[in-house]
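The structure file run20.pdb is reproduced below (PDB, C-alpha atoms, pLDDT in the B column).
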MODEL        1
ATOM      1  CA  MET Q 164      94.749  93.805  84.411  1.00 40.00           C
ATOM      2  CA  GLU Q 165      93.495  97.364  84.158  1.00 61.00           C
ATOM      3  CA  ASN Q 166      91.467  99.016  86.916  1.00 87.00           C
ATOM      4  CA  SER Q 167      87.984 100.219  86.142  1.00 95.00           C
ATOM      5  CA  CYS Q 168      85.553 102.464  88.010  1.00 96.00           C
ATOM      6  CA  SER Q 169      82.924 100.658  90.084  1.00 94.00           C
ATOM      7  CA  ILE Q 170      80.404 103.422  89.258  1.00 96.00           C
ATOM      8  CA  CYS Q 171      80.771 104.152  85.532  1.00 97.00           C
ATOM      9  CA  GLY Q 172      83.129 101.394  84.309  1.00 97.00           C
ATOM     10  CA  SER Q 173      85.685 103.850  82.898  1.00 98.00           C
ATOM     11  CA  THR Q 174      89.362 102.876  82.817  1.00 97.00           C
ATOM     12  CA  LYS Q 175      90.454 106.504  83.374  1.00 98.00           C
ATOM     13  CA  ILE Q 176      91.699 105.643  86.859  1.00 97.00           C
ATOM     14  CA  MET Q 177      94.247 107.670  88.858  1.00 97.00           C
ATOM     15  CA  ASN Q 178      95.804 105.468  91.560  1.00 96.00           C
ATOM     16  CA  ASN Q 179      97.767 106.081  94.756  1.00 95.00           C
ATOM     17  CA  LEU Q 180      97.029 109.810  95.117  1.00 96.00           C
ATOM     18  CA  SER Q 181      97.911 111.554  98.386  1.00 94.00           C
ATOM     19  CA  VAL Q 182      95.122 113.032 100.496  1.00 95.00           C
ATOM     20  CA  VAL Q 183      96.273 116.232 102.219  1.00 94.00           C
ATOM     21  CA  ASP Q 184      94.879 118.898 104.502  1.00 92.00           C
ATOM     22  CA  LYS Q 185      96.255 122.379 105.090  1.00 90.00           C
ATOM     23  CA  GLY Q 186      96.984 123.325 108.670  1.00 84.00           C
ATOM     24  CA  ASP Q 187      98.348 126.446 110.299  1.00 86.00           C
ATOM     25  CA  ALA Q 188     100.287 128.764 107.987  1.00 86.00           C
ATOM     26  CA  GLY Q 189      99.325 126.613 105.000  1.00 85.00           C
ATOM     27  CA  ALA Q 190     101.388 123.614 106.129  1.00 90.00           C
ATOM     28  CA  LYS Q 191     100.283 120.439 104.347  1.00 92.00           C
ATOM     29  CA  HIS Q 192      99.553 117.282 106.325  1.00 91.00           C
ATOM     30  CA  GLU Q 193      98.876 113.893 104.789  1.00 92.00           C
ATOM     31  CA  LEU Q 194      95.625 112.451 106.146  1.00 94.00           C
ATOM     32  CA  ALA Q 195      96.012 109.131 107.920  1.00 93.00           C
ATOM     33  CA  ILE Q 196      94.231 106.652 110.128  1.00 92.00           C
ATOM     34  CA  GLU Q 197      95.886 106.084 113.490  1.00 88.00           C
ATOM     35  CA  SER Q 198      96.037 102.807 115.348  1.00 86.00           C
ATOM     36  CA  PHE Q 199      97.626 101.817 118.637  1.00 79.00           C
ATOM     37  CA  SER Q 200      99.712  98.674 119.037  1.00 76.00           C
ATOM     38  CA  ASN Q 201      99.211  98.784 122.829  1.00 71.00           C
ATOM     39  CA  PRO Q 202      95.835 100.537 123.439  1.00 66.00           C
ATOM     40  CA  ASP Q 203      95.605  99.639 127.161  1.00 69.00           C
ATOM     41  CA  ALA Q 204      98.839 101.429 128.091  1.00 68.00           C
ATOM     42  CA  LEU Q 205      98.507 104.716 129.965  1.00 70.00           C
ATOM     43  CA  LEU Q 206     101.535 106.097 128.128  1.00 72.00           C
ATOM     44  CA  PHE Q 207     103.396 105.004 125.026  1.00 68.00           C
ATOM     45  CA  LYS Q 208     100.463 103.364 123.277  1.00 71.00           C
ATOM     46  CA  GLY Q 209     102.584 102.817 120.187  1.00 79.00           C
ATOM     47  CA  THR Q 210     100.792 105.098 117.749  1.00 83.00           C
ATOM     48  CA  LYS Q 211     101.019 103.967 114.133  1.00 86.00           C
ATOM     49  CA  ARG Q 212      99.888 106.121 111.201  1.00 89.00           C
ATOM     50  CA  HIS Q 213      98.384 104.554 108.090  1.00 91.00           C
ATOM     51  CA  PRO Q 214      98.347 107.210 105.334  1.00 93.00           C
ATOM     52  CA  LEU Q 215      95.182 107.414 103.272  1.00 95.00           C
ATOM     53  CA  LYS Q 216      95.602 106.995  99.529  1.00 96.00           C
ATOM     54  CA  ALA Q 217      92.936 107.865  96.980  1.00 97.00           C
ATOM     55  CA  THR Q 218      91.889 106.311  93.705  1.00 97.00           C
ATOM     56  CA  VAL Q 219      89.924 108.735  91.515  1.00 98.00           C
ATOM     57  CA  CYS Q 220      87.960 108.096  88.319  1.00 98.00           C
ATOM     58  CA  GLY Q 221      88.840 110.647  85.631  1.00 98.00           C
ATOM     59  CA  ALA Q 222      85.463 110.160  83.954  1.00 98.00           C
ATOM     60  CA  CYS Q 223      82.921 110.540  86.788  1.00 98.00           C
ATOM     61  CA  GLY Q 224      84.953 111.697  89.815  1.00 97.00           C
ATOM     62  CA  ASN Q 225      84.240 108.656  91.980  1.00 98.00           C
ATOM     63  CA  VAL Q 226      86.767 108.501  94.858  1.00 97.00           C
ATOM     64  CA  ASN Q 227      87.836 105.447  96.880  1.00 96.00           C
ATOM     65  CA  PHE Q 228      90.221 105.522  99.852  1.00 96.00           C
ATOM     66  CA  SER Q 229      92.636 102.814 100.967  1.00 95.00           C
ATOM     67  CA  VAL Q 230      95.558 102.235 103.333  1.00 94.00           C
ATOM     68  CA  GLU Q 231      98.680 100.266 102.440  1.00 87.00           C
ATOM     69  CA  ASN Q 232      99.232  98.244 105.575  1.00 88.00           C
ATOM     70  CA  TYR Q 233      95.622  97.223 106.211  1.00 91.00           C
ATOM     71  CA  LYS Q 234      96.623  93.935 107.862  1.00 92.00           C
ATOM     72  CA  GLU Q 235      98.564  95.733 110.614  1.00 88.00           C
ATOM     73  CA  LEU Q 236      95.658  98.169 111.041  1.00 89.00           C
ATOM     74  CA  TRP Q 237      93.250  95.244 111.479  1.00 90.00           C
ATOM     75  CA  VAL Q 238      95.490  93.538 114.075  1.00 87.00           C
ATOM     76  CA  ASN Q 239      95.774  96.773 116.073  1.00 82.00           C
ATOM     77  CA  TYR Q 240      92.028  97.422 115.775  1.00 86.00           C
ATOM     78  CA  GLN Q 241      91.252  94.003 117.262  1.00 86.00           C
ATOM     79  CA  LYS Q 242      93.291  94.870 120.379  1.00 80.00           C
ATOM     80  CA  LYS Q 243      90.787  97.565 121.397  1.00 70.00           C
TER      81      LYS Q 243
ENDMDL
END
Show me the file's structure as structure tokens.
Amino acid sequence: MENSCSICGSTKIMNNLSVVDKGDAGAKHELAIESFSNPDALLFKGTKRHPLKATVCGACGNVNFSVENYKELWVNYQKK
């Protein structure tokens, strides 16, 4: 099954692209969502990074973001 754009219907879809930001001295950092496996702890909260991935339409430029391990993110989010 081929992906198609939810805006224009095109099948010119680029999947699993990295989303980066430039920091000090031009260093690249992959953007991510952070979650904590133990949010009530004073120290050692168990930080987990969930890198953002982008899907971009090559016809209209529509961008959608996703994370790979969304189930783990949801479990950690519910602990808040």
Practice prompt. Identify all residues satisfying the PyMOL selection byres ((chain Q and resi 220-224) around 9) in the given file; provide them as an NGL selection string.
Written response: :Q and (167-168 or 170-171 or 173-178 or 218-219 or 225-227)
Based on the selection just made, write C-alpha atoms of those residues as an mmCIF file, in the coordinates of the input.
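The resulting file, part-v2.cif, is reproduced below:
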data_model
loop_
_atom_site.group_PDB
_atom_site.id
_atom_site.type_symbol
_atom_site.label_atom_id
_atom_site.label_comp_id
_atom_site.auth_asym_id
_atom_site.auth_seq_id
_atom_site.Cartn_x
_atom_site.Cartn_y
_atom_site.Cartn_z
ATOM 1 C CA SER Q 167 87.984 100.219 86.142
ATOM 2 C CA CYS Q 168 85.553 102.464 88.010
ATOM 3 C CA ILE Q 170 80.404 103.422 89.258
ATOM 4 C CA CYS Q 171 80.771 104.152 85.532
ATOM 5 C CA SER Q 173 85.685 103.850 82.898
ATOM 6 C CA THR Q 174 89.362 102.876 82.817
ATOM 7 C CA LYS Q 175 90.454 106.504 83.374
ATOM 8 C CA ILE Q 176 91.699 105.643 86.859
ATOM 9 C CA MET Q 177 94.247 107.670 88.858
ATOM 10 C CA ASN Q 178 95.804 105.468 91.560
ATOM 11 C CA THR Q 218 91.889 106.311 93.705
ATOM 12 C CA VAL Q 219 89.924 108.735 91.515
ATOM 13 C CA ASN Q 225 84.240 108.656 91.980
ATOM 14 C CA VAL Q 226 86.767 108.501 94.858
ATOM 15 C CA ASN Q 227 87.836 105.447 96.880
#
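Once Trp237 of chain Q and its same-chain neighbours fewer than 4 positions away are set aside, Ile196, Glu197, Ser198, Phe199, Ser200, Lys211, His213, Val230, Glu231, Asn232, Tyr233, Gln241, Lys242 and Lys243 of chain Q remain within 12 Å of it when counting all atoms listed in the file.
Take atom CA of Val183 of chain Q and atom CA of Glu235 of chain Q: the distance between them is 22.3 Å.
Counting all atoms listed in the file and comparing Q:Ser169, Q:Asn201, Q:Leu180, Q:Asp187, the residue that lies closest to Tyr240 of chain Q is Q:Asn201.
The spacing separating atom CA of His192 of chain Q from atom CA of Pro214 of chain Q amounts to 10.2 Å.
Taking all atoms listed in the file into account, Ser229 of chain Q lies nearest to Q:Ser181 out of the set Q:Ser181, Q:Gly189, Q:Gly209, Q:Gly172.
Going from atom CA of Val182 of chain Q to atom CA of Leu194 of chain Q covers 5.7 Å.
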Please, can segment 219-230 of chain Q be completed to all heavy atoms and returned as a tab-separated table (two decimals), in the frame of the given file?
chain	number	residue	atom	x	y	z
Q	219	VAL	N	90.94	107.84	92.06
Q	219	VAL	CA	89.92	108.74	91.52
Q	219	VAL	C	89.64	108.37	90.06
Q	219	VAL	O	90.57	108.15	89.28
Q	219	VAL	CB	90.39	110.21	91.60
Q	219	VAL	CG1	89.33	111.15	91.03
Q	219	VAL	CG2	90.74	110.58	93.03
Q	220	CYS	N	88.36	108.33	89.71
Q	220	CYS	CA	87.96	108.10	88.32
Q	220	CYS	C	88.01	109.42	87.57
Q	220	CYS	O	87.39	110.41	87.98
Q	220	CYS	CB	86.55	107.51	88.26
Q	220	CYS	SG	85.95	107.29	86.58
Q	221	GLY	N	88.72	109.45	86.45
Q	221	GLY	CA	88.84	110.65	85.63
Q	221	GLY	C	87.63	110.90	84.77
Q	221	GLY	O	87.54	111.94	84.11
Q	222	ALA	N	86.66	109.98	84.76
Q	222	ALA	CA	85.46	110.16	83.95
Q	222	ALA	C	84.27	110.66	84.77
Q	222	ALA	O	83.52	111.51	84.31
Q	222	ALA	CB	85.10	108.85	83.26
Q	223	CYS	N	84.10	110.15	86.00
Q	223	CYS	CA	82.92	110.54	86.79
Q	223	CYS	C	83.27	111.16	88.14
Q	223	CYS	O	82.40	111.68	88.83
Q	223	CYS	CB	81.99	109.35	86.99
Q	223	CYS	SG	82.57	108.12	88.18
Q	224	GLY	N	84.54	111.10	88.56
Q	224	GLY	CA	84.95	111.70	89.82
Q	224	GLY	C	84.77	110.82	91.03
Q	224	GLY	O	85.00	111.26	92.16
Q	225	ASN	N	84.37	109.57	90.85
Q	225	ASN	CA	84.24	108.66	91.98
Q	225	ASN	C	85.59	108.54	92.70
Q	225	ASN	O	86.63	108.42	92.07
Q	225	ASN	CB	83.78	107.28	91.48
Q	225	ASN	CG	83.61	106.29	92.60
Q	225	ASN	OD1	83.00	106.58	93.62
Q	225	ASN	ND2	84.15	105.10	92.41
Q	226	VAL	N	85.55	108.58	94.05
Q	226	VAL	CA	86.77	108.50	94.86
Q	226	VAL	C	86.66	107.33	95.82
Q	226	VAL	O	85.64	107.15	96.48
Q	226	VAL	CB	86.98	109.80	95.67
Q	226	VAL	CG1	88.22	109.68	96.54
Q	226	VAL	CG2	87.07	111.00	94.75
Q	227	ASN	N	87.73	106.53	95.90
Q	227	ASN	CA	87.84	105.45	96.88
Q	227	ASN	C	89.12	105.66	97.67
Q	227	ASN	O	90.15	106.04	97.11
Q	227	ASN	CB	87.88	104.08	96.19
Q	227	ASN	CG	86.57	103.72	95.56
Q	227	ASN	OD1	85.54	103.71	96.21
Q	227	ASN	ND2	86.60	103.43	94.27
Q	228	PHE	N	89.05	105.40	98.99
Q	228	PHE	CA	90.22	105.52	99.85
Q	228	PHE	C	90.73	104.15	100.25
Q	228	PHE	O	89.96	103.20	100.37
Q	228	PHE	CB	89.88	106.30	101.13
Q	228	PHE	CG	89.52	107.73	100.88
Q	228	PHE	CD1	88.22	108.16	101.03
Q	228	PHE	CD2	90.48	108.65	100.49
Q	228	PHE	CE1	87.87	109.47	100.80
Q	228	PHE	CE2	90.14	109.97	100.26
Q	228	PHE	CZ	88.84	110.39	100.41
Q	229	SER	N	92.04	104.06	100.49
Q	229	SER	CA	92.64	102.81	100.97
Q	229	SER	C	93.85	103.14	101.83
Q	229	SER	O	94.33	104.27	101.83
Q	229	SER	CB	93.05	101.93	99.78
Q	229	SER	OG	94.04	102.58	99.00
Q	230	VAL	N	94.31	102.14	102.58
Q	230	VAL	CA	95.56	102.24	103.33
Q	230	VAL	C	96.44	101.07	102.89
Q	230	VAL	O	95.94	100.01	102.55
Q	230	VAL	CB	95.34	102.20	104.87
Q	230	VAL	CG1	94.59	103.42	105.35
Q	230	VAL	CG2	94.64	100.94	105.31
